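Structure data follow from final_39.tsv (TSV, C-alpha atoms):
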```tsv
chain	number	residue	atom	x	y	z
A	1	MET	CA	16.72	3.67	-25.44
A	2	ASN	CA	18.15	0.55	-23.82
A	3	ALA	CA	16.86	-0.44	-20.40
A	4	LYS	CA	19.22	0.00	-17.46
A	5	PRO	CA	20.85	-3.18	-16.10
A	6	GLY	CA	18.75	-4.84	-13.40
A	7	ARG	CA	15.50	-3.22	-14.52
A	8	LEU	CA	12.36	-5.33	-14.21
A	9	GLY	CA	9.18	-5.75	-16.16
A	10	VAL	CA	6.54	-4.86	-13.57
A	11	GLY	CA	2.88	-5.88	-13.66
A	12	ILE	CA	0.26	-4.52	-11.28
A	13	ILE	CA	-2.86	-6.35	-10.11
A	14	GLY	CA	-5.25	-3.71	-8.81
A	15	ALA	CA	-5.77	-0.11	-9.89
A	16	GLY	CA	-7.02	1.19	-6.57
A	17	HIS	CA	-5.27	3.98	-4.68
A	18	VAL	CA	-1.99	2.13	-4.10
A	19	GLY	CA	-1.04	0.04	-7.15
A	20	PRO	CA	-0.77	2.75	-9.83
A	21	ILE	CA	1.24	5.01	-7.51
A	22	LEU	CA	3.81	2.33	-6.73
A	23	GLY	CA	3.96	1.52	-10.43
A	24	ALA	CA	4.63	5.16	-11.29
A	25	ALA	CA	7.36	5.32	-8.63
A	26	LEU	CA	9.08	2.23	-10.04
A	27	ALA	CA	8.72	3.56	-13.57
A	28	GLY	CA	10.50	6.69	-12.40
A	29	ALA	CA	13.36	4.47	-11.22
A	30	GLY	CA	13.69	2.98	-14.70
A	31	HIS	CA	11.58	-0.16	-14.46
A	32	ALA	CA	9.15	-1.02	-17.27
A	33	ILE	CA	5.45	-1.25	-16.32
A	34	VAL	CA	4.16	-3.97	-18.62
A	35	GLY	CA	0.50	-4.04	-17.63
A	36	ILE	CA	-2.13	-3.30	-14.99
A	37	SER	CA	-5.49	-4.89	-14.25
A	38	ALA	CA	-8.54	-2.70	-13.71
A	39	ILE	CA	-12.23	-3.61	-13.56
A	40	SER	CA	-14.37	-0.65	-12.57
A	41	GLN	CA	-14.52	2.54	-14.61
A	42	ALA	CA	-13.03	4.47	-11.72
A	43	SER	CA	-10.06	2.12	-11.56
A	44	ARG	CA	-9.57	2.27	-15.33
A	45	ASP	CA	-9.65	6.07	-15.22
A	46	ARG	CA	-7.11	6.06	-12.39
A	47	ALA	CA	-4.79	3.68	-14.22
A	48	GLU	CA	-4.94	5.77	-17.38
A	49	ALA	CA	-4.29	8.99	-15.46
A	50	ILE	CA	-1.31	7.72	-13.43
A	51	LEU	CA	0.10	5.25	-15.98
A	52	PRO	CA	-1.16	6.59	-19.31
A	53	LEU	CA	0.97	4.38	-21.60
A	54	VAL	CA	0.48	1.12	-19.70
A	55	PRO	CA	-1.95	-1.43	-21.18
A	56	ILE	CA	-4.93	-2.50	-19.09
A	57	LEU	CA	-4.96	-6.30	-19.18
A	58	PRO	CA	-6.68	-9.31	-17.58
A	59	VAL	CA	-4.99	-10.50	-14.40
A	60	PRO	CA	-3.48	-13.70	-15.86
A	61	GLU	CA	-1.92	-11.75	-18.72
A	62	VAL	CA	-0.44	-9.22	-16.31
A	63	VAL	CA	1.21	-12.08	-14.40
A	64	GLU	CA	2.46	-13.83	-17.53
A	65	ARG	CA	4.21	-10.66	-18.79
A	66	SER	CA	5.86	-9.72	-15.52
A	67	GLU	CA	9.15	-10.33	-13.75
A	68	LEU	CA	7.75	-8.50	-10.71
A	69	VAL	CA	4.05	-8.72	-9.90
A	70	ILE	CA	2.60	-6.16	-7.47
A	71	ILE	CA	-0.67	-7.30	-5.88
A	72	ALA	CA	-2.48	-4.23	-4.54
A	73	VAL	CA	-5.96	-5.51	-3.72
A	74	PRO	CA	-8.11	-5.48	-0.56
A	75	ASP	CA	-7.03	-7.90	2.16
A	76	ALA	CA	-10.21	-9.95	1.78
A	77	GLN	CA	-9.33	-10.76	-1.83
A	78	LEU	CA	-5.62	-11.42	-1.49
A	79	GLU	CA	-5.57	-15.07	-0.40
A	80	SER	CA	-8.15	-16.29	-2.92
A	81	LEU	CA	-6.47	-14.38	-5.74
A	82	VAL	CA	-3.08	-15.96	-5.04
A	83	GLN	CA	-4.62	-19.42	-4.74
A	84	GLY	CA	-6.66	-19.00	-7.91
A	85	LEU	CA	-3.64	-18.04	-9.98
A	86	ALA	CA	-1.75	-21.02	-8.56
A	87	ALA	CA	-4.62	-23.35	-9.49
A	88	THR	CA	-4.36	-22.20	-13.12
A	89	ASN	CA	-0.54	-22.55	-13.12
A	90	THR	CA	-0.12	-18.84	-13.83
A	91	TRP	CA	2.76	-18.11	-11.43
A	92	GLN	CA	6.22	-18.48	-12.94
A	93	PRO	CA	9.46	-19.81	-11.40
A	94	GLY	CA	11.84	-17.01	-10.44
A	95	GLN	CA	9.15	-14.36	-10.65
A	96	LEU	CA	9.00	-11.79	-7.83
A	97	VAL	CA	5.52	-11.55	-6.27
A	98	LEU	CA	4.89	-8.59	-3.94
A	99	HIS	CA	1.72	-7.76	-2.04
A	100	THR	CA	1.01	-4.44	-0.33
A	101	SER	CA	-1.20	-5.53	2.59
A	102	SER	CA	-0.17	-4.42	6.07
A	103	ARG	CA	-1.87	-7.41	7.66
A	104	TYR	CA	-0.05	-10.27	5.98
A	105	GLY	CA	3.55	-11.36	5.65
A	106	THR	CA	4.72	-13.75	2.97
A	107	ALA	CA	2.81	-16.83	4.18
A	108	VAL	CA	-0.22	-15.72	2.19
A	109	LEU	CA	1.93	-16.02	-0.95
A	110	ALA	CA	2.75	-19.69	-0.26
A	111	PRO	CA	0.85	-20.98	-3.34
A	112	ALA	CA	2.92	-18.69	-5.59
A	113	GLN	CA	6.12	-19.67	-3.77
A	114	ALA	CA	5.29	-23.35	-4.28
A	115	ALA	CA	5.24	-22.65	-8.01
A	116	GLY	CA	8.75	-21.18	-7.80
A	117	ALA	CA	7.90	-17.50	-7.33
A	118	ILE	CA	9.82	-15.33	-4.85
A	119	PRO	CA	7.56	-13.80	-2.15
A	120	LEU	CA	7.76	-10.22	-0.82
A	121	ALA	CA	5.40	-8.35	1.52
A	122	ILE	CA	5.92	-4.59	1.28
A	123	HIS	CA	3.48	-2.16	2.87
A	124	PRO	CA	3.84	1.63	2.60
A	125	ALA	CA	2.77	3.21	5.89
A	126	MET	CA	0.92	6.03	4.22
A	127	ALA	CA	-2.68	7.06	3.54
A	128	PHE	CA	-3.03	7.18	-0.24
A	129	THR	CA	-5.23	9.51	-2.28
A	130	GLY	CA	-4.71	7.65	-5.56
A	131	THR	CA	-3.41	10.82	-7.22
A	132	SER	CA	-0.01	12.11	-8.24
A	133	LEU	CA	0.21	13.88	-4.87
A	134	ASP	CA	1.16	10.52	-3.38
A	135	LEU	CA	4.39	10.29	-5.36
A	136	ALA	CA	5.98	13.13	-3.40
A	137	ARG	CA	4.67	11.74	-0.10
A	138	LEU	CA	6.43	8.42	-0.65
A	139	ALA	CA	9.71	10.17	0.15
A	140	ASP	CA	8.58	10.76	3.74
A	141	SER	CA	7.18	7.26	4.30
A	142	TYR	CA	8.43	4.05	5.83
A	143	PHE	CA	7.67	0.75	4.09
A	144	ALA	CA	7.29	-2.46	6.13
A	145	VAL	CA	9.30	-5.20	4.42
A	146	THR	CA	8.82	-8.89	5.16
A	147	ALA	CA	10.61	-11.52	3.10
A	148	PRO	CA	12.79	-14.62	3.39
A	149	GLY	CA	16.29	-13.63	4.50
A	150	PRO	CA	18.04	-14.14	1.15
A	151	VAL	CA	15.63	-11.82	-0.68
A	152	LEU	CA	15.24	-9.12	1.98
A	153	PRO	CA	17.81	-6.95	0.13
A	154	ILE	CA	15.61	-7.08	-2.97
A	155	GLY	CA	12.62	-5.79	-1.03
A	156	GLN	CA	14.69	-3.08	0.61
A	157	ALA	CA	16.13	-2.01	-2.73
A	158	LEU	CA	12.66	-1.73	-4.28
A	159	VAL	CA	11.52	0.49	-1.41
A	160	VAL	CA	14.52	2.78	-1.83
A	161	GLU	CA	13.82	3.01	-5.55
A	162	MET	CA	10.26	4.08	-4.78
A	163	GLY	CA	11.64	6.84	-2.57
A	164	GLY	CA	10.74	5.32	0.79
A	165	GLU	CA	12.62	4.05	3.82
A	166	PRO	CA	12.59	0.25	4.31
A	167	LEU	CA	11.64	-1.09	7.74
A	168	ILE	CA	12.05	-4.83	8.35
A	169	VAL	CA	9.02	-6.38	10.09
A	170	ALA	CA	9.11	-10.05	11.02
A	171	GLU	CA	6.39	-12.39	9.77
A	172	ALA	CA	5.17	-12.96	13.33
A	173	ASP	CA	4.86	-9.21	13.94
A	174	ARG	CA	2.75	-8.28	10.93
A	175	ALA	CA	-0.56	-8.50	12.80
A	176	ARG	CA	0.57	-6.04	15.49
A	177	TYR	CA	2.09	-3.77	12.88
A	178	ALA	CA	-1.21	-3.74	10.98
A	179	GLU	CA	-3.10	-2.98	14.19
A	180	ALA	CA	-0.92	0.05	14.87
A	181	ILE	CA	-1.49	1.34	11.32
A	182	GLN	CA	-5.24	0.83	11.62
A	183	ILE	CA	-5.52	2.53	15.03
A	184	VAL	CA	-3.68	5.65	13.90
A	185	THR	CA	-5.66	5.94	10.68
A	186	ALA	CA	-9.05	5.31	12.28
A	187	PHE	CA	-8.32	7.70	15.15
A	188	SER	CA	-7.21	10.58	12.94
A	189	THR	CA	-10.09	10.08	10.52
A	190	SER	CA	-12.67	9.97	13.31
A	191	ILE	CA	-11.32	13.07	15.07
A	192	VAL	CA	-11.18	15.14	11.88
A	193	GLU	CA	-14.71	14.15	10.89
A	194	GLN	CA	-16.15	15.00	14.32
A	195	ALA	CA	-14.33	18.32	14.59
A	196	THR	CA	-15.31	19.31	11.05
A	197	GLN	CA	-18.97	18.66	11.81
A	198	LEU	CA	-18.79	20.79	14.96
A	199	LEU	CA	-17.20	23.75	13.19
A	200	THR	CA	-19.63	23.50	10.29
A	201	GLY	CA	-22.49	23.37	12.76
A	202	ILE	CA	-21.57	26.77	14.22
A	203	GLY	CA	-21.36	28.33	10.77
A	204	LEU	CA	-17.59	28.43	10.24
A	205	GLU	CA	-16.51	28.09	6.65
A	206	HIS	CA	-13.52	26.03	5.45
A	207	PRO	CA	-13.15	23.89	8.60
A	208	GLY	CA	-10.35	21.92	6.96
A	209	ALA	CA	-8.21	25.03	6.69
A	210	ILE	CA	-8.84	25.80	10.35
A	211	LEU	CA	-8.07	22.30	11.61
A	212	GLY	CA	-5.12	21.50	9.34
A	213	PRO	CA	-2.38	23.45	11.18
A	214	LEU	CA	-3.77	22.36	14.55
A	215	LEU	CA	-3.84	18.70	13.60
A	216	ARG	CA	-0.34	18.76	12.13
A	217	SER	CA	1.16	20.53	15.16
A	218	ALA	CA	-0.68	18.26	17.62
A	219	MET	CA	0.59	15.15	15.83
A	220	GLU	CA	4.13	16.51	15.69
A	221	ASN	CA	4.01	17.22	19.41
A	222	ALA	CA	2.67	13.73	20.17
A	223	LEU	CA	5.34	12.09	18.02
A	224	GLY	CA	7.99	14.25	19.65
A	225	ARG	CA	7.09	12.79	23.05
A	226	THR	CA	7.83	9.24	21.86
A	227	SER	CA	11.11	7.53	21.16
A	228	PRO	CA	12.04	7.25	17.47
A	229	GLU	CA	11.53	3.50	17.66
A	230	ARG	CA	8.11	3.31	19.25
A	231	LEU	CA	4.88	5.28	19.32
A	232	ASP	CA	2.88	4.64	22.48
A	233	LEU	CA	-0.70	3.93	21.39
A	234	ALA	CA	-2.01	3.17	24.89
A	235	GLY	CA	-5.47	4.57	25.38
A	236	PHE	CA	-6.49	4.25	21.76
A	237	ASP	CA	-7.41	0.56	22.04
A	238	GLN	CA	-11.06	1.35	22.66
A	239	ILE	CA	-11.45	3.21	19.38
A	240	GLU	CA	-14.08	1.64	17.19
A	241	GLN	CA	-12.32	-0.56	14.65
A	242	ARG	CA	-12.99	0.70	11.18
A	243	GLN	CA	-12.37	-0.73	7.75
A	244	HIS	CA	-8.67	-1.19	7.05
A	245	PRO	CA	-7.35	2.05	5.46
A	246	PHE	CA	-6.05	0.26	2.38
A	247	ASP	CA	-9.22	-1.75	1.76
A	248	ASP	CA	-10.95	1.17	0.10
A	249	ASP	CA	-11.53	-0.72	-3.16
A	250	ARG	CA	-14.08	-3.48	-3.02
A	251	GLU	CA	-13.12	-5.33	-6.19
A	252	VAL	CA	-9.96	-6.56	-7.78
A	253	GLU	CA	-9.18	-3.35	-9.59
```
In structure tokens, how does this file's structure come out?
Amino acid sequence: MNAKPGRLGVGIIGAGHVGPILGAALAGAGHAIVGISAISQASRDRAEAILPLVPILPVPEVVERSELVIIAVPDAQLESLVQGLAATNTWQPGQLVLHTSSRYGTAVLAPAQAAGAIPLAIHPAMAFTGTSLDLARLADSYFAVTAPGPVLPIGQALVVEMGGEPLIVAEADRARYAEAIQIVTAFSTSIVEQATQLLTGIGLEHPGAILGPLLRSAMENALGRTSPERLDLAGFDQIEQRQHPFDDDREVE
């Protein structure tokens, strides 16, 4: 079967919770997934489960094969990875390079851009499980898109193809955007863990089933009291800062 016009060869660096899911979403839109990098056994198993026909390759080979490279690695590894691939002249002119970090815009991709690559920063505002359940959840999610003006439509189009809703976030606003994402995730995780422990401690079985409807309705009520454009997070700023929700993989998977 011939590929549809405008379809890309997509390579994925990182087989954590995010990369394989975005790859599967783009494959569903007709793009060809040409390779994925994975180091740990867990990441290899995840890649094979979500993208069973995609070859697992070394990072440089993934980049060399790809028209669009998705970098889905922990924030702490992103800058050094981009710089290292630039030092070995791996980036290619005209190649799209997309990272999924909430914290960074496109400045972190400057070494790839200097080599002629086109930078995109696209973050799905969603807590991933790393399973096929995430594919359906993409349809209800917003994606923060940061890119140079001429290529913003490309980033927006990719988000739509993955089933999400694109939301333009300026380079200068990425840090505050990331803070909002982290506060909400840390708060909800902490509350659920504490409440679960309390219910378990008094002998109630299946605390998740008890708390699920309550948590969903409470969040819907809280969101309903805000404007569509802004969620007031005042009062949550004293929450203990936890690990970033998308840094759950320690290695370049």
Identify, on the basis of all atoms listed in the file, every residue whose closest approach to stretch 37-54 of chain A does not exceed 6 Å; exclude the query and any residue fewer than 2 positions from it along the same chain; express the result as a PyMOL selection string.
-> chain A and resi 13-16+35+56-59+253
Got time to write the residues from that selection, C-alpha atoms, as a PDB file, keeping the file's coordinate frame?
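again-v6.pdb, freshly written:
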```pdb
ATOM      1  CA  ILE A  13      -2.860  -6.350 -10.110  1.00  0.00           C
ATOM      2  CA  GLY A  14      -5.250  -3.710  -8.810  1.00  0.00           C
ATOM      3  CA  ALA A  15      -5.770  -0.110  -9.890  1.00  0.00           C
ATOM      4  CA  GLY A  16      -7.020   1.190  -6.570  1.00  0.00           C
ATOM      5  CA  GLY A  35       0.500  -4.040 -17.630  1.00  0.00           C
ATOM      6  CA  ILE A  56      -4.930  -2.500 -19.090  1.00  0.00           C
ATOM      7  CA  LEU A  57      -4.960  -6.300 -19.180  1.00  0.00           C
ATOM      8  CA  PRO A  58      -6.680  -9.310 -17.580  1.00  0.00           C
ATOM      9  CA  VAL A  59      -4.990 -10.500 -14.400  1.00  0.00           C
ATOM     10  CA  GLU A 253      -9.180  -3.350  -9.590  1.00  0.00           C
TER      11      GLU A 253
END
```
Selection: 9 Å around A:Ser102, all atoms listed in the file, excl. self and same-chain fewer than 6 positions, as a ChimeraX atom specification = /A:75,121-125,144,174-175,177-179,181,246
In the coordinate frame of the file, compute which residues have an atom within 7 Å of (0.9, -6.8, -16.6) when using all atoms listed in the file, and state them as a list in words.
-> Val10, Gly11, Ile12, Val34, Gly35, Ile36, Leu57, Glu61, Val62, Val63, Arg65 and Ser66 of chain A
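Residue nearest A:Gly164 within the list A:Thr189, A:Ala25, A:Leu215, A:His17: A:Ala25 [criterion: smallest interatomic distance, only C-alpha atoms].
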Quick one: everything within 12 Å of A:Val160, counting only C-alpha atoms, minus sequence neighbours fewer than 6 positions away in the same chain. Send it as a list in words.
-> Leu22, Ala25, Leu26, Gly28, Ala29, Ile122, Pro124, Leu138, Ala139, Asp140, Ser141, Tyr142, Phe143, Ala144, Val145, Pro153, Ile154, Pro166 and Leu167 of chain A
With 5 Å on each side, where is the centre of the axis-aligned box around all listed atoms of stretch 200-207 of chain A, and how long are its edges in Å to one decimal, as JSON?
```
{"center_x": -17.8, "center_y": 25.9, "center_z": 9.8, "size_x": 19.3, "size_y": 15.1, "size_z": 18.8}
```
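Between atom CA of A:Gly23 and atom CA of A:Arg216 lies a distance of 28.7 Å.
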Which is closer to A:Pro74 than all the others in A:Pro55, A:Gly19, A:Gly149, A:Pro213, using all atoms listed in the file?
->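 The shortest atom-to-atom distance to A:Pro74 comes from A:Gly19.
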In Å, how far is it from atom CA of A:Ala112 to atom CA of A:Val151?
->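 Distance between the two atoms: 15.3 Å.
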Quick one: distance from atom CA of A:Leu198 to atom CA of A:Thr129 in Å, one decimal?
->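 Straight-line distance from atom CA of A:Leu198 to atom CA of A:Thr129 works out to 24.7 Å.
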Measuring atom to atom with only C-alpha atoms, identify which of A:Leu78, A:Ala86, A:Leu68, A:Ala157 is nearest to A:Leu98.
-> A:Leu68
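Counting all atoms listed in the file, the residue from A:Leu133, A:Gly203, A:Leu8, A:Pro20 that sits nearest to A:Leu158 is A:Leu8.
Restricting the calculation to only C-alpha atoms, the smallest distance between A:Pro119 and any of A:Gly201, A:Pro207, A:Gly9, A:Pro148 is found for A:Pro148.
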Proximity of stretch 150-197 of chain A to stretch 219-226 of chain A: per-residue shortest pair, 12 Å limit, all atoms listed in the file, as JSON lines:
```
{"residue": "A:Val184", "atom": "CA", "partner": "A:Met219", "partner_atom": "CA", "distance": 10.6}
{"residue": "A:Phe187", "atom": "CA", "partner": "A:Met219", "partner_atom": "CA", "distance": 11.6}
{"residue": "A:Ser188", "atom": "CA", "partner": "A:Met219", "partner_atom": "CA", "distance": 9.5}
```
